[in-house]
Amino acid sequence: YISEIYFIKIFKTHMHQSPYQYLKSIRFENALKLLEYNIPIHVIAEKTGFESAEAFSKSFRKEYGKSPSAFYNKNIEWTLEQSGFVKKE
């Protein structure tokens, strides 16, 4: 058995971030993958461990500076431009 404080200290030493920050980064990494498929925000929130769509959206906006839907729309626009389906103005 090790204490929570000792575990966090060891985790930070090896991972260079807290367990909470690490978990959050994994959640967002998975959420970004799901956003590529236009999955509804409430489903992404549920699948990535957020309490609600609102909590996910708020946390996403804080992390990336835009809402999940704005991120999705920008990503789709960029993908279409890169594929040649949409011409840049």
# chains A, B, ... in the order shown; residues from 1 in each chain; ligands from 1
>>> residues_around(residues="Ala55 in chain A", least_positions_apart="3", cutoff="12 Å", atoms="only C-alpha atoms", output="ChimeraX atom specification")
/A:41-42,44-46,48-52,58-62,67-68
>>> select_by_dssp(residues="chain A", states="helix (DSSP H, G or I)", output="ChimeraX atom specification")
/A:4-15,19-35,41-47,53-64,68-83
>>> residues_around(residues="Tyr72 in chain A", least_positions_apart="4", cutoff="12 Å", atoms="only C-alpha atoms", output="VMD selection string")
chain A and resid 31 to 41 60 64 66 to 68 76 to 79
>>> atom_distance(atom1="CA of Arg27 in chain A", atom2="CA of Ala70 in chain A")
18.3 Å
>>> atom_distance(atom1="CA of Ser69 in chain A", atom2="CA of Gln21 in chain A")
23.0 Å
>>> atom_distance(atom1="CA of Asn30 in chain A", atom2="CA of Ser3 in chain A")
29.6 Å
